[in-house]
Amino acid sequence: MNTQLAEQQTEQALPLEQAIEQLIASYHADNEDVQKTLSMANNLAEENSFLNLQIKTLTGRINDITAQNEQLLEARKRDEAKEKDFNKKAELVRANAEKHMQQLNQALRQEQQHKNKLDDALITIASYKAIGSPKQIREKIKKYQATIATLQAEKVQTKLAVKNYRHDLTVKDKKIDELIREVDEIRFQKVYKKNGDNLIIYPLLCEALNEDGAEKQIPIWYSTDEGIGALYMLNEDGEPARSPTPRTGIKPKAETLEVMGDLLRKFKRNGNVVHSEDLMMLECE
């Protein structure tokens with residue numbers, strides 16, 4: 001048994017030179033595999049560094065966009081509070097104007113009543129001229145003249161009151177017009193429409209990025225008649241440029257889309273007319 005094993009080992013043994021060549025060939029093959037593995041590891045490390053850089057860049061842009069969105073929501077909240085306050089003031093001024101108009105109508109009615117009394121007094125004086133003694137007539141005339149003088153004084157006062165009421169109404173109308181203009185200033189204002197292009201003033205300050213950093217500007221909303229559009233602001237060269245859009249795009253949240261849908265459907269039902277009560281449903285943080 002041991003003799004057979006020894007014979008097999010003798011048959012399998014290789015010459016030293018051939019064994020060395022096989023060993024060297026095996027070393028080169030292993031070294032080539034090691035080099036390939038190292039090359040793949042380096043490539044994976046470079047790709048991982050590039051992906052980390054992209055993640056860091058996208059994270060920064062997301063944070064910037066989030067901050068800008070919070071600023072826009074805060075500005076919108078302030079503007080709507082301002083509009084609500086203006087509407088209250090306008091309603092108060094209108095109520096005061098109606099009150100003064102009622103007082104003016106009352107003064108005009110009193111003026112007409114005084115005129116009727118004066119006409120009656122004149123008719124009475126004329127009738128007394130046909131009867132009574134001259135002394136009685138003179139006394140009655142004197143009395144009626146005093147009455148006439150009183151009525152004329154009241155008439156002058158009534159005219160002055162009417163003049164004052166009209167002046168107050170003029171002042172109130174001017175104030176109402178000022179409040180209406182102030183309300184309009186915080187809403188969208190169409191400033192240009194031609195050949196399918198539309199320009200609308202956007203009522204919120206936005207940040208425009210340039211070489212000097214962020215700069216707040218009043219943007220212009222450009223859109224076609226088909227509803228395709230974007231915000232435009234001045235770039236560092238002083239030229240209008242479209243606001244940048246993230247590569248991933250922007251997508252409203254599900255709750256925001258639901259509010260948007262409710263509003264758009266309501267506008268459509270109302271014949272594309274926006275009523276103040278339509279905006280009462282809006283929520284602002």
# chains A, B, ... in the order shown; residues from 1 in each chain; ligands from 1
$ residues_around --residues "segment 64-73 of chain A" --least-positions-apart "2" --cutoff "8 Å" --atoms "only C-alpha atoms" --output "MDAnalysis selection string"
chainID A and resid 60:62 75:77 204:207 284:285
$ write_last_selection --atoms "N, CA, C and O atoms" --output "PDB file, in the first residue's frame"
ATOM      1  N   GLY A  60     -28.408  71.094  -0.825  1.00  0.00           N
ATOM      2  CA  GLY A  60     -28.322  72.552  -0.675  1.00  0.00           C
ATOM      3  C   GLY A  60     -29.400  73.272  -1.456  1.00  0.00           C
ATOM      4  O   GLY A  60     -30.023  74.219  -0.962  1.00  0.00           O
ATOM      5  N   ARG A  61     -29.629  72.822  -2.704  1.00  0.00           N
ATOM      6  CA  ARG A  61     -30.663  73.469  -3.519  1.00  0.00           C
ATOM      7  C   ARG A  61     -32.056  73.263  -2.926  1.00  0.00           C
ATOM      8  O   ARG A  61     -32.902  74.168  -2.925  1.00  0.00           O
ATOM      9  N   ILE A  62     -32.302  72.060  -2.376  1.00  0.00           N
ATOM     10  CA  ILE A  62     -33.598  71.782  -1.761  1.00  0.00           C
ATOM     11  C   ILE A  62     -33.806  72.693  -0.547  1.00  0.00           C
ATOM     12  O   ILE A  62     -34.887  73.241  -0.325  1.00  0.00           O
ATOM     13  N   ALA A  75     -44.878  86.104   3.010  1.00  0.00           N
ATOM     14  CA  ALA A  75     -45.250  87.342   2.314  1.00  0.00           C
ATOM     15  C   ALA A  75     -46.709  87.290   1.884  1.00  0.00           C
ATOM     16  O   ALA A  75     -47.437  88.289   1.969  1.00  0.00           O
ATOM     17  N   ARG A  76     -47.153  86.130   1.411  1.00  0.00           N
ATOM     18  CA  ARG A  76     -48.540  85.988   0.990  1.00  0.00           C
ATOM     19  C   ARG A  76     -49.490  86.183   2.169  1.00  0.00           C
ATOM     20  O   ARG A  76     -50.547  86.828   2.044  1.00  0.00           O
ATOM     21  N   LYS A  77     -49.097  85.657   3.340  1.00  0.00           N
ATOM     22  CA  LYS A  77     -49.921  85.809   4.528  1.00  0.00           C
ATOM     23  C   LYS A  77     -50.044  87.280   4.916  1.00  0.00           C
ATOM     24  O   LYS A  77     -51.134  87.760   5.235  1.00  0.00           O
ATOM     25  N   LEU A 204     -45.434  89.366  -5.223  1.00  0.00           N
ATOM     26  CA  LEU A 204     -44.554  88.964  -4.139  1.00  0.00           C
ATOM     27  C   LEU A 204     -43.103  89.228  -4.516  1.00  0.00           C
ATOM     28  O   LEU A 204     -42.698  88.989  -5.656  1.00  0.00           O
ATOM     29  N   LEU A 205     -42.319  89.733  -3.554  1.00  0.00           N
ATOM     30  CA  LEU A 205     -40.892  89.915  -3.791  1.00  0.00           C
ATOM     31  C   LEU A 205     -40.223  88.538  -3.839  1.00  0.00           C
ATOM     32  O   LEU A 205     -40.425  87.698  -2.970  1.00  0.00           O
ATOM     33  N   CYS A 206     -39.389  88.317  -4.857  1.00  0.00           N
ATOM     34  CA  CYS A 206     -38.659  87.062  -5.008  1.00  0.00           C
ATOM     35  C   CYS A 206     -37.167  87.364  -5.061  1.00  0.00           C
ATOM     36  O   CYS A 206     -36.745  88.459  -5.399  1.00  0.00           O
ATOM     37  N   GLU A 207     -36.349  86.339  -4.754  1.00  0.00           N
ATOM     38  CA  GLU A 207     -34.906  86.513  -4.757  1.00  0.00           C
ATOM     39  C   GLU A 207     -34.332  86.105  -6.103  1.00  0.00           C
ATOM     40  O   GLU A 207     -34.574  85.009  -6.590  1.00  0.00           O
ATOM     41  N   CYS A 284     -53.193  80.030   5.264  1.00  0.00           N
ATOM     42  CA  CYS A 284     -51.797  80.469   5.198  1.00  0.00           C
ATOM     43  C   CYS A 284     -51.148  80.219   6.561  1.00  0.00           C
ATOM     44  O   CYS A 284     -51.744  80.482   7.589  1.00  0.00           O
ATOM     45  N   GLU A 285     -49.929  79.693   6.520  1.00  0.00           N
ATOM     46  CA  GLU A 285     -49.216  79.466   7.776  1.00  0.00           C
ATOM     47  C   GLU A 285     -48.623  80.789   8.261  1.00  0.00           C
ATOM     48  O   GLU A 285     -48.310  81.651   7.483  1.00  0.00           O
TER      49      GLU A 285
END
$ residues_around --residues "His114 of chain A" --least-positions-apart "3" --cutoff "10 Å" --atoms "only C-alpha atoms" --output "list in words"
Leu108, Arg109, Gln110, Glu111, Lys117, Leu118, Asp119, Asp120, Ile148, Leu151, Gln152, Glu154, Lys155 and Thr158 of chain A
$ atom_distance --atom1 "atom CA of Leu104 of chain A" --atom2 "atom CA of Phe86 of chain A"
26.6 Å
$ atom_distance --atom1 "atom CA of Lys163 of chain A" --atom2 "atom CA of Ala107 of chain A"
10.4 Å
$ atom_distance --atom1 "atom CA of Met40 of chain A" --atom2 "atom CA of Gln54 of chain A"
21.0 Å
$ residues_around --residues "Ser223 of chain A" --least-positions-apart "2" --cutoff "7 Å" --atoms "only C-alpha atoms" --output "NGL selection string"
:A and (197-199 or 221 or 225 or 227-230)
$ write_last_selection --atoms "N, CA and C atoms" --output "JSON list (two decimals), in the first residue's frame"
[["chain", "number", "residue", "atom", "x", "y", "z"],
["A", 197, "ASP", "N", -48.86, 86.87, -26.18],
["A", 197, "ASP", "CA", -48.02, 87.02, -25.00],
["A", 197, "ASP", "C", -48.73, 87.86, -23.96],
["A", 198, "ASN", "N", -48.59, 87.46, -22.69],
["A", 198, "ASN", "CA", -49.22, 88.17, -21.59],
["A", 198, "ASN", "C", -48.18, 88.44, -20.51],
["A", 199, "LEU", "N", -48.18, 89.67, -19.96],
["A", 199, "LEU", "CA", -47.30, 90.03, -18.85],
["A", 199, "LEU", "C", -48.17, 90.49, -17.69],
["A", 221, "TRP", "N", -44.69, 87.93, -14.40],
["A", 221, "TRP", "CA", -45.16, 86.61, -14.83],
["A", 221, "TRP", "C", -45.48, 86.68, -16.31],
["A", 225, "ASP", "N", -51.20, 82.48, -24.32],
["A", 225, "ASP", "CA", -52.65, 82.31, -24.19],
["A", 225, "ASP", "C", -53.01, 80.87, -23.84],
["A", 227, "GLY", "N", -51.53, 79.20, -21.50],
["A", 227, "GLY", "CA", -51.25, 78.98, -20.09],
["A", 227, "GLY", "C", -49.84, 78.52, -19.78],
["A", 228, "ILE", "N", -48.92, 78.57, -20.75],
["A", 228, "ILE", "CA", -47.54, 78.20, -20.51],
["A", 228, "ILE", "C", -46.77, 79.45, -20.10],
["A", 229, "GLY", "N", -46.07, 79.40, -18.95],
["A", 229, "GLY", "CA", -45.40, 80.61, -18.52],
["A", 229, "GLY", "C", -44.37, 80.37, -17.44],
["A", 230, "ALA", "N", -43.74, 81.46, -16.98],
["A", 230, "ALA", "CA", -42.71, 81.40, -15.95],
["A", 230, "ALA", "C", -42.48, 82.80, -15.42]]
$ residues_around --residues "Val274 of chain A" --least-positions-apart "6" --cutoff "10 Å" --atoms "only C-alpha atoms" --output "list in words"
Leu263, Leu264, Lys266, Phe267 and Lys268 of chain A
$ residues_around --residues "Pro219 of chain A" --least-positions-apart "5" --cutoff "10 Å" --atoms "only C-alpha atoms" --output "short mmCIF file (atom, residue, chain, number, x, y, z; two decimals) with N, CA and C atoms, in the first residue's frame"
data_model
loop_
_atom_site.label_atom_id
_atom_site.label_comp_id
_atom_site.auth_asym_id
_atom_site.auth_seq_id
_atom_site.Cartn_x
_atom_site.Cartn_y
_atom_site.Cartn_z
N ILE A 200 -47.89 89.91 -16.50
CA ILE A 200 -48.65 90.23 -15.30
C ILE A 200 -47.66 90.50 -14.17
N ILE A 201 -47.89 91.57 -13.40
CA ILE A 201 -47.02 91.87 -12.26
C ILE A 201 -47.29 90.85 -11.16
N TYR A 202 -46.23 90.17 -10.72
CA TYR A 202 -46.35 89.20 -9.64
C TYR A 202 -46.25 89.93 -8.31
N PRO A 203 -47.23 89.78 -7.38
CA PRO A 203 -47.30 90.67 -6.21
C PRO A 203 -46.39 90.28 -5.05
N LEU A 204 -45.43 89.37 -5.22
CA LEU A 204 -44.55 88.96 -4.14
C LEU A 204 -43.10 89.23 -4.52
N LEU A 205 -42.32 89.73 -3.55
CA LEU A 205 -40.89 89.91 -3.79
C LEU A 205 -40.22 88.54 -3.84
N CYS A 206 -39.39 88.32 -4.86
CA CYS A 206 -38.66 87.06 -5.01
C CYS A 206 -37.17 87.36 -5.06
N GLU A 207 -36.35 86.34 -4.75
CA GLU A 207 -34.91 86.51 -4.76
C GLU A 207 -34.33 86.11 -6.10
N ALA A 208 -33.56 87.02 -6.71
CA ALA A 208 -32.86 86.74 -7.96
C ALA A 208 -31.39 86.52 -7.64
N ALA A 230 -43.74 81.46 -16.98
CA ALA A 230 -42.71 81.40 -15.95
C ALA A 230 -42.48 82.80 -15.42
N LEU A 231 -41.81 82.89 -14.26
CA LEU A 231 -41.43 84.17 -13.69
C LEU A 231 -40.14 84.67 -14.33
N TYR A 232 -40.05 85.97 -14.57
CA TYR A 232 -38.85 86.59 -15.12
C TYR A 232 -38.40 87.71 -14.18
N MET A 233 -37.05 87.76 -13.97
CA MET A 233 -36.43 88.82 -13.19
C MET A 233 -35.16 89.27 -13.91
N LEU A 234 -34.60 90.40 -13.48
CA LEU A 234 -33.37 90.91 -14.10
C LEU A 234 -32.18 90.10 -13.62
N PRO A 240 -33.90 90.80 -18.65
CA PRO A 240 -34.89 89.86 -18.11
C PRO A 240 -34.49 88.42 -18.40
N ARG A 242 -35.39 84.15 -17.23
CA ARG A 242 -36.34 83.24 -16.58
C ARG A 242 -35.75 82.72 -15.27
N SER A 243 -36.59 82.61 -14.22
CA SER A 243 -36.11 82.10 -12.94
C SER A 243 -35.71 80.63 -13.11
#
$ closest_residue --among "A:Asp168, A:Glu17, A:Glu32, A:Glu226" --to "His100 of chain A" --atoms "only C-alpha atoms"
A:Asp168
$ residues_around --residues "Met101 of chain A" --least-positions-apart "3" --cutoff "9 Å" --atoms "only C-alpha atoms" --output "compact mmCIF listing (two decimals) with all heavy atoms, in the first residue's frame"
# COMPACT_ATOMS: atom_id res chain seq x y z
N ASN A 96 -70.10 105.03 6.32
CA ASN A 96 -70.17 106.45 6.69
C ASN A 96 -70.71 107.29 5.55
O ASN A 96 -71.48 108.25 5.76
CB ASN A 96 -68.77 106.95 7.08
CG ASN A 96 -68.32 106.36 8.41
OD1 ASN A 96 -69.15 106.00 9.24
ND2 ASN A 96 -67.03 106.25 8.61
N ALA A 97 -70.32 106.93 4.31
CA ALA A 97 -70.81 107.68 3.16
C ALA A 97 -72.32 107.55 3.02
O ALA A 97 -73.03 108.52 2.72
CB ALA A 97 -70.11 107.20 1.90
N GLU A 98 -72.83 106.33 3.24
CA GLU A 98 -74.28 106.13 3.17
C GLU A 98 -75.00 106.92 4.26
O GLU A 98 -76.09 107.49 4.03
CB GLU A 98 -74.60 104.64 3.30
CG GLU A 98 -74.15 103.80 2.11
CD GLU A 98 -74.40 102.33 2.30
OE1 GLU A 98 -74.88 101.95 3.39
OE2 GLU A 98 -74.13 101.56 1.39
N LEU A 104 -77.86 114.09 4.03
CA LEU A 104 -78.01 115.06 2.95
C LEU A 104 -79.45 115.05 2.42
O LEU A 104 -80.06 116.11 2.20
CB LEU A 104 -77.02 114.73 1.82
CG LEU A 104 -77.15 115.58 0.55
CD1 LEU A 104 -76.92 117.06 0.87
CD2 LEU A 104 -76.18 115.10 -0.52
N ASN A 105 -80.00 113.86 2.21
CA ASN A 105 -81.38 113.76 1.73
C ASN A 105 -82.34 114.38 2.74
O ASN A 105 -83.33 115.05 2.36
CB ASN A 105 -81.74 112.30 1.47
CG ASN A 105 -80.97 111.72 0.30
OD1 ASN A 105 -80.57 112.45 -0.61
ND2 ASN A 105 -80.75 110.41 0.30
N GLN A 106 -82.07 114.17 4.04
CA GLN A 106 -82.93 114.77 5.06
C GLN A 106 -82.85 116.29 5.00
O GLN A 106 -83.88 116.99 5.12
CB GLN A 106 -82.48 114.26 6.44
CG GLN A 106 -83.28 114.84 7.60
CD GLN A 106 -84.74 114.42 7.57
OE1 GLN A 106 -85.08 113.39 7.01
NE2 GLN A 106 -85.59 115.21 8.19
N TYR A 165 -72.09 118.59 3.70
CA TYR A 165 -72.31 117.16 3.45
C TYR A 165 -71.71 116.73 2.12
O TYR A 165 -71.10 115.67 2.00
CB TYR A 165 -73.82 116.86 3.48
CG TYR A 165 -74.41 116.82 4.86
CD1 TYR A 165 -75.63 117.41 5.13
CD2 TYR A 165 -73.74 116.18 5.90
CE1 TYR A 165 -76.18 117.39 6.41
CE2 TYR A 165 -74.28 116.16 7.18
CZ TYR A 165 -75.49 116.77 7.44
OH TYR A 165 -76.01 116.74 8.69
N ARG A 166 -71.90 117.57 1.12
CA ARG A 166 -71.34 117.24 -0.20
C ARG A 166 -69.82 117.20 -0.16
O ARG A 166 -69.18 116.36 -0.79
CB ARG A 166 -71.82 118.26 -1.23
CG ARG A 166 -73.29 118.09 -1.60
CD ARG A 166 -73.76 119.18 -2.54
NE ARG A 166 -75.17 118.95 -2.93
CZ ARG A 166 -75.89 119.82 -3.61
NH1 ARG A 166 -75.36 121.01 -3.95
NH2 ARG A 166 -77.14 119.54 -3.94
N LEU A 169 -68.84 113.97 1.49
CA LEU A 169 -69.01 112.86 0.55
C LEU A 169 -67.87 112.81 -0.45
O LEU A 169 -67.38 111.73 -0.81
CB LEU A 169 -70.35 113.00 -0.19
CG LEU A 169 -71.60 112.68 0.63
CD1 LEU A 169 -72.84 112.93 -0.21
CD2 LEU A 169 -71.58 111.24 1.11
